[in-house]
>>> print(open('start_10.cif').read())   # mmCIF, C-alpha atoms
data_target
#
loop_
_atom_site.label_atom_id
_atom_site.label_comp_id
_atom_site.auth_asym_id
_atom_site.auth_seq_id
_atom_site.Cartn_x
_atom_site.Cartn_y
_atom_site.Cartn_z
CA MET A 765 123.82 77.75 89.05
CA SER A 766 122.88 75.47 91.95
CA ASP A 767 122.55 71.77 91.26
CA TYR A 768 119.14 70.31 92.03
CA SER A 769 117.03 67.21 91.48
CA LEU A 770 113.70 66.87 89.74
CA ALA A 771 112.11 66.32 93.16
CA GLU A 772 113.43 69.67 94.36
CA LEU A 773 112.26 71.39 91.18
CA LEU A 774 108.76 69.99 91.74
CA ILE A 775 108.74 71.04 95.39
CA THR A 776 109.49 74.64 94.45
CA ALA A 777 106.91 74.51 91.65
CA ALA A 778 104.29 73.10 94.05
CA ALA A 779 105.02 75.85 96.57
CA GLN A 780 103.70 78.40 94.06
CA ALA A 781 100.19 77.03 94.60
CA TRP A 782 99.95 78.61 98.07
CA THR A 783 101.95 81.80 97.55
CA ASN A 784 99.01 84.22 97.45
CA ASP A 785 96.56 82.32 99.66
CA GLY A 786 97.08 84.11 102.95
CA GLU A 787 95.85 82.35 106.10
CA VAL A 788 94.35 79.11 104.82
CA MET A 789 95.01 75.49 105.72
CA ALA A 790 97.35 73.86 103.22
CA THR A 791 97.10 70.12 102.63
CA GLY A 792 99.76 68.56 100.43
CA ILE A 793 98.98 64.90 99.71
CA GLY A 794 102.26 63.03 99.31
CA VAL A 795 105.86 63.85 100.13
CA LEU A 796 106.57 66.47 97.46
CA PRO A 797 103.30 68.42 97.74
CA ARG A 798 103.66 68.42 101.53
CA LEU A 799 107.18 69.80 101.23
CA GLY A 800 105.89 72.35 98.72
CA ALA A 801 103.37 73.61 101.28
CA SER A 802 106.11 73.74 103.94
CA LEU A 803 108.39 75.68 101.60
CA ALA A 804 105.61 78.16 100.86
CA LYS A 805 105.12 78.78 104.59
CA ALA A 806 108.87 79.22 105.08
CA THR A 807 109.19 81.73 102.23
CA THR A 808 106.32 83.43 100.42
CA ASN A 809 103.35 82.84 102.75
CA PRO A 810 104.20 82.72 106.47
CA ALA A 811 100.48 83.01 107.33
CA LEU A 812 99.83 79.57 105.84
CA MET A 813 98.45 77.01 108.29
CA LEU A 814 99.93 73.50 108.23
CA THR A 815 99.10 70.33 110.12
CA ASP A 816 101.26 67.38 111.09
CA GLY A 817 98.83 65.08 109.26
CA GLU A 818 97.46 63.94 112.61
CA CYS A 819 95.68 66.45 114.83
CA LEU A 820 97.84 69.55 115.29
CA TYR A 821 98.47 72.84 113.51
CA THR A 822 102.23 73.24 113.53
CA ASP A 823 104.93 75.87 113.28
CA PRO A 824 107.60 75.17 112.13
CA PRO A 825 106.44 72.65 109.50
CA THR A 826 106.67 69.00 110.50
CA PRO A 827 108.93 66.89 108.24
CA PRO A 828 107.30 64.09 106.23
CA GLY A 829 106.83 60.92 108.23
CA ARG A 830 106.89 62.61 111.62
CA VAL A 831 104.30 63.74 114.15
CA ALA A 832 104.63 67.24 115.58
CA ASP A 833 106.23 68.04 118.89
CA ARG A 834 103.30 69.32 120.92
CA ALA A 835 105.49 72.13 122.25
CA GLN A 836 105.63 73.51 118.69
CA ALA A 837 101.90 73.19 118.05
CA GLU A 838 99.96 76.31 117.10
CA GLY A 839 96.61 74.73 117.82
CA TRP A 840 94.47 71.63 117.86
CA ALA A 841 93.10 70.35 114.54
CA PRO A 842 90.53 67.65 115.29
CA TYR A 843 87.97 66.51 112.74
CA ASP A 844 85.42 69.14 113.72
CA ARG A 845 87.80 72.06 113.27
CA THR A 846 89.32 70.59 110.12
CA PHE A 847 85.95 70.06 108.44
CA SER A 848 84.69 73.47 109.52
CA THR A 849 87.77 74.94 107.81
CA LEU A 850 87.17 72.79 104.73
CA TRP A 851 83.49 73.62 104.35
CA GLY A 852 84.18 77.29 104.91
CA GLY A 853 86.56 77.38 101.94
CA ARG A 854 89.66 78.10 104.07
CA ARG A 855 91.65 75.16 102.75
CA HIS A 856 93.76 74.63 99.63
CA ALA A 857 94.70 71.01 98.92
CA MET A 858 97.15 69.60 96.40
CA VAL A 859 95.91 66.10 95.65
CA GLY A 860 97.28 63.20 93.63
CA PRO A 861 94.54 61.41 91.68
CA VAL A 862 95.25 58.58 89.26
CA GLN A 863 93.33 60.22 86.39
CA ILE A 864 92.33 63.71 85.33
CA ASP A 865 90.45 64.86 82.24
CA ARG A 866 90.23 68.08 80.25
CA PHE A 867 87.61 69.46 82.65
CA GLY A 868 89.76 68.89 85.73
CA GLN A 869 87.50 66.05 86.85
CA ALA A 870 89.60 63.62 88.88
CA ASN A 871 89.43 59.92 89.75
CA ILE A 872 90.80 57.99 92.74
CA ASN A 873 88.14 55.26 92.80
CA LEU A 874 88.59 52.69 90.04
CA ILE A 875 90.09 51.97 86.63
CA GLY A 876 87.86 50.52 83.94
CA PRO A 877 84.07 50.26 83.70
CA LYS A 878 82.08 50.71 86.91
CA ALA A 879 80.33 47.35 86.54
CA ALA A 880 83.58 45.41 86.13
CA PRO A 881 86.59 47.57 87.07
CA LYS A 882 90.11 46.41 86.29
CA VAL A 883 91.38 47.97 89.52
CA ALA A 884 89.49 49.12 92.61
CA MET A 885 91.23 51.75 94.70
CA LEU A 886 90.32 54.18 97.50
CA GLY A 887 86.72 54.99 96.78
CA VAL A 888 85.75 58.61 96.22
CA ARG A 889 86.72 59.59 99.80
CA GLY A 890 86.27 63.32 100.41
CA PHE A 891 86.81 64.36 96.78
CA PRO A 892 83.19 65.33 95.96
CA GLY A 893 82.78 67.74 98.85
CA ASN A 894 86.34 69.03 98.78
CA SER A 895 86.08 69.96 95.12
CA ILE A 896 83.08 72.24 95.59
CA HIS A 897 84.07 73.89 98.87
CA HIS A 898 87.70 75.00 98.57
CA PRO A 899 90.55 75.45 96.08
CA ASN A 900 92.38 72.39 94.79
CA SER A 901 95.59 71.80 92.88
CA PHE A 902 97.04 68.54 91.55
CA PHE A 903 100.30 66.60 91.52
CA PHE A 904 101.23 63.88 89.02
CA PRO A 905 104.71 62.31 89.29
CA ALA A 906 104.24 60.60 85.89
CA HIS A 907 102.70 62.73 83.14
CA ASN A 908 101.25 60.34 80.56
CA SER A 909 98.02 59.67 78.69
CA ARG A 910 96.95 57.05 81.26
CA ALA A 911 96.77 59.83 83.83
CA PHE A 912 95.70 62.67 81.51
CA VAL A 913 92.94 60.76 79.79
CA ALA A 914 90.98 61.30 76.61
CA GLY A 915 87.26 61.77 77.26
CA GLU A 916 86.14 61.65 80.87
CA VAL A 917 87.90 59.92 83.74
CA ASP A 918 86.67 56.39 84.41
CA TYR A 919 84.88 57.52 87.57
CA VAL A 920 84.19 61.19 88.34
CA CYS A 921 85.15 61.64 91.99
CA MET A 922 85.82 65.36 91.83
CA ALA A 923 83.88 68.17 90.22
CA GLY A 924 85.51 70.00 87.35
CA TYR A 925 84.65 72.62 84.74
CA ASN A 926 82.16 70.40 82.93
CA PRO A 927 78.80 72.19 82.48
CA ALA A 928 77.13 68.90 81.51
CA ARG A 929 77.59 67.69 85.10
CA TYR A 930 76.64 70.89 86.95
CA LEU A 931 73.65 70.40 89.25
CA ASP A 932 70.76 72.45 87.83
CA GLY A 933 73.18 73.81 85.23
CA ARG A 934 75.01 76.00 87.76
CA LYS A 935 78.74 75.87 88.46
CA PRO A 936 79.38 75.04 92.14
CA ALA A 937 80.18 78.24 94.01
CA GLY A 938 83.31 76.82 95.61
CA LEU A 939 84.77 75.13 92.51
CA ASP A 940 88.29 76.58 92.13
CA LEU A 941 90.97 74.51 90.39
CA ARG A 942 94.42 76.12 90.46
CA ILE A 943 97.55 74.39 89.11
CA ILE A 944 98.78 70.94 88.06
CA VAL A 945 102.41 70.04 88.78
CA THR A 946 103.88 67.09 86.87
CA ASN A 947 107.30 65.67 86.09
CA LEU A 948 107.17 67.49 82.72
CA ALA A 949 105.48 70.82 83.29
CA VAL A 950 103.24 73.07 85.35
CA LEU A 951 99.71 73.48 83.98
CA ASP A 952 96.75 75.62 85.00
CA PHE A 953 93.11 76.23 84.08
CA GLN A 954 93.57 79.69 82.56
CA GLY A 955 92.68 78.77 78.98
CA PRO A 956 89.33 79.73 77.41
CA PHE A 957 86.42 78.36 79.48
CA HIS A 958 88.94 76.99 82.03
CA ALA A 959 90.72 74.83 79.45
CA ILE A 960 93.99 73.38 80.72
CA ARG A 961 96.96 75.47 79.66
CA VAL A 962 100.71 74.87 79.84
CA ARG A 963 102.03 77.40 82.34
CA SER A 964 105.71 76.44 82.30
CA LEU A 965 107.92 73.68 80.94
CA HIS A 966 110.60 71.99 83.00
CA PRO A 967 114.20 72.32 81.74
CA GLY A 968 114.78 70.16 78.68
CA VAL A 969 111.07 69.54 78.03
CA GLY A 970 109.25 70.83 74.93
CA PHE A 971 105.55 71.50 74.46
CA ASP A 972 105.20 68.61 71.99
CA GLU A 973 106.46 66.12 74.57
CA VAL A 974 103.85 67.30 77.06
CA GLN A 975 101.09 67.23 74.44
CA ASP A 976 102.11 63.76 73.23
CA ASN A 977 101.70 62.48 76.80
CA THR A 978 98.27 64.08 77.26
CA GLY A 979 95.03 62.50 76.05
CA PHE A 980 93.38 65.84 75.22
CA GLY A 981 94.42 69.10 73.61
CA LEU A 982 96.33 71.59 75.73
CA VAL A 983 96.25 75.35 75.36
CA ARG A 984 99.64 76.57 74.09
CA PRO A 985 100.49 80.19 74.96
CA ASP A 986 102.61 82.22 72.55
CA HIS A 987 105.42 82.17 75.09
CA ILE A 988 105.96 79.38 77.64
CA PRO A 989 108.59 80.09 80.29
CA THR A 990 110.89 77.49 81.77
CA THR A 991 109.92 76.39 85.27
CA ALA A 992 112.03 78.38 87.70
CA ALA A 993 114.93 76.46 89.17
CA PRO A 994 115.23 76.30 92.97
CA THR A 995 117.50 78.96 94.44
CA ALA A 996 120.32 78.13 96.81
CA GLU A 997 118.16 79.48 99.65
CA GLN A 998 115.23 77.27 98.66
CA LEU A 999 117.45 74.20 98.41
CA ALA A 1000 118.81 74.85 101.90
CA LEU A 1001 115.28 75.22 103.25
CA ILE A 1002 114.12 72.02 101.53
CA ALA A 1003 117.02 70.13 103.09
CA ALA A 1004 116.06 71.50 106.52
CA LEU A 1005 112.38 70.70 106.00
CA ASP A 1006 113.21 67.14 104.92
CA PRO A 1007 116.10 66.03 107.15
CA GLN A 1008 115.42 62.35 106.48
CA GLY A 1009 115.64 62.85 102.71
CA ALA A 1010 112.18 61.52 101.87
CA ARG A 1011 112.25 63.57 98.65
CA LYS A 1012 115.23 61.58 97.40
CA THR A 1013 113.17 58.41 97.04
CA ALA A 1014 110.11 60.10 95.52
CA PHE A 1015 111.01 58.75 92.05
CA LYS A 1016 112.40 55.30 92.70
CA GLY A 1017 114.30 53.59 89.92
CA ASP A 1018 115.19 56.67 87.91
CA PRO A 1019 118.84 57.12 86.92
CA PRO A 1020 120.85 59.68 88.90
CA GLY A 1021 122.45 62.79 87.46
CA ASP A 1022 119.62 63.86 85.12
CA ARG A 1023 117.65 66.88 86.32
CA ARG A 1024 114.51 65.43 84.82
CA GLN A 1025 115.00 62.37 87.00
CA ALA A 1026 115.17 62.74 90.79
#
>>> encode(input="start_10.cif", output="structure tokens")
Amino acid sequence: MSDYSLAELLITAAAQAWTNDGEVMATGIGVLPRLGASLAKATTNPALMLTDGECLYTDPPTPPGRVADRAQAEGWAPYDRTFSTLWGGRRHAMVGPVQIDRFGQANINLIGPKAAPKVAMLGVRGFPGNSIHHPNSFFFPAHNSRAFVAGEVDYVCMAGYNPARYLDGRKPAGLDLRIIVTNLAVLDFQGPFHAIRVRSLHPGVGFDEVQDNTGFGLVRPDHIPTTAAPTAEQLALIAALDPQGARKTAFKGDPPGDRRQA
């Protein structure tokens, strides 16, 4: 069996998000989701469209922290084209909010009450529109009850499967939440009424550990598989896609040698 890090396990798990998407624009926010999108393009979905994070569609994928060589560009991706793709539903993003609730509502704006927040962050950015126009998945490097909160998130930046917040009582036509990749498990929204379900558990992790670190009840299937380990081919591709080793510092401070720690 090939040796691998937690970071590499999460990259291969994240890549699953785009496997069956066909020709859509993939946006992975952060090093590991970005590498997951690149791995998907290099293996299961060659039709996937990637950008360099600046203004170009690229093939091959551009490593994290670099801008594409224009000679390798597949096309120009200015704001107009990017937003036309977004509004048309031809994008699938994997985002990294600070909070998520049982409905899939996400928060990147503030922690604490709106009138007197403990922490002010990014604002809502493009989350409201993104969440109702194209598919979204999520990435959490630290799965705990501060991120997976009881009740609602402190500030709802992103629509979720909460009928109480639907405009005119109708679910947004483009609302499509896919998977959640964390350092403990892969989750999805395939429970009853889109309840969050445990899809797979990472090696050495039990359901109770995931539930204990979640502020709301999770759907527990009768059988929960172990998250698939990266193959030797996938590990070689990840190394080629990340020549500077950005993935190796994705979990700073964790002890080496433990597959649940990068």
>>> resolve_selection(input="start_10.cif", expression="the PyMOL selection byres ((chain A and resi 951-968) around 6)", output="ChimeraX atom specification")
/A:942-944,948-950,969,982-983,988-991
>>> residues_around(input="start_10.cif", residues="Tyr919 (chain A)", least_positions_apart="4", cutoff="12 Å", atoms="only C-alpha atoms", output="ChimeraX atom specification")
/A:861-865,869-879,881,883-888,891-892,913,915,923
>>> resolve_selection(input="start_10.cif", expression="the PyMOL selection byres ((chain A and resi 826) around 10)", output="list in words")
Arg798, Leu799, Ser802, Leu814, Thr815, Asp816, Gly817, Tyr821, Thr822, Asp823, Pro824, Pro825, Pro827, Pro828, Gly829, Arg830, Val831, Ala832, Asp833, Gln836, Ala837, Leu1005 and Asp1006 of chain A
>>> axis_aligned_box(input="start_10.cif", around="region 827-842 of chain A", padding_each_side="5 Å", output="AutoDock Vina command-line options")
--center_x 99.7 --center_y 68.6 --center_z 114.2 --size_x 28.4 --size_y 25.4 --size_z 26.0
>>> atom_distance(input="start_10.cif", atom1="CA of Ile1002 (chain A)", atom2="CA of Gly890 (chain A)")
29.2 Å
>>> residues_around(input="start_10.cif", residues="Tyr843 (chain A)", least_positions_apart="5", cutoff="12 Å", atoms="all atoms listed in the file", output="list in words")
Gly817, Glu818, Cys819, Leu820, Ser848, Thr849, Leu850 and Trp851 of chain A
>>> closest_residue(input="start_10.cif", among="A:Asn926, A:Gln998, A:Ser901, A:Ser909", to="Ala778 (chain A)", atoms="all atoms listed in the file")
A:Ser901
>>> atom_distance(input="start_10.cif", atom1="CA of Asn784 (chain A)", atom2="CA of Met858 (chain A)")
14.8 Å
>>> residues_near_point(input="start_10.cif", point="(99.6, 60.4, 84.6)", cutoff="10 Å", atoms="all atoms listed in the file", output="PyMOL selection string")
chain A and resi 860-864+903-913+946-947+977-979
>>> atom_distance(input="start_10.cif", atom1="CA of Gln975 (chain A)", atom2="CA of Ala781 (chain A)")
22.4 Å
>>> closest_residue(input="start_10.cif", among="A:His987, A:Arg929, A:His856, A:Arg934", to="His897 (chain A)", atoms="only C-alpha atoms")
A:His856
>>> closest_residue(input="start_10.cif", among="A:Val974, A:Ala992, A:Ile896, A:Ala937", to="Gln780 (chain A)", atoms="all atoms listed in the file")
A:Ala992
>>> closest_residue(input="start_10.cif", among="A:Thr776, A:Gln1008, A:Thr846, A:Thr783", to="Leu812 (chain A)", atoms="all atoms listed in the file")
A:Thr783
>>> residues_near_point(input="start_10.cif", point="(81.5, 79.8, 95.8)", cutoff="10 Å", atoms="only C-alpha atoms", output="list in words")
Gly852, Gly853, Ile896, His897, His898, Lys935, Pro936, Ala937, Gly938, Leu939 and Asp940 of chain A
>>> closest_residue(input="start_10.cif", among="A:Pro1007, A:Gly786, A:Gly970, A:Pro994", to="Leu770 (chain A)", atoms="only C-alpha atoms")
A:Pro994
>>> resolve_selection(input="start_10.cif", expression="the PyMOL selection byres ((chain A and resi 791) around 6)", output="PyMOL selection string")
chain A and resi 790+792+857
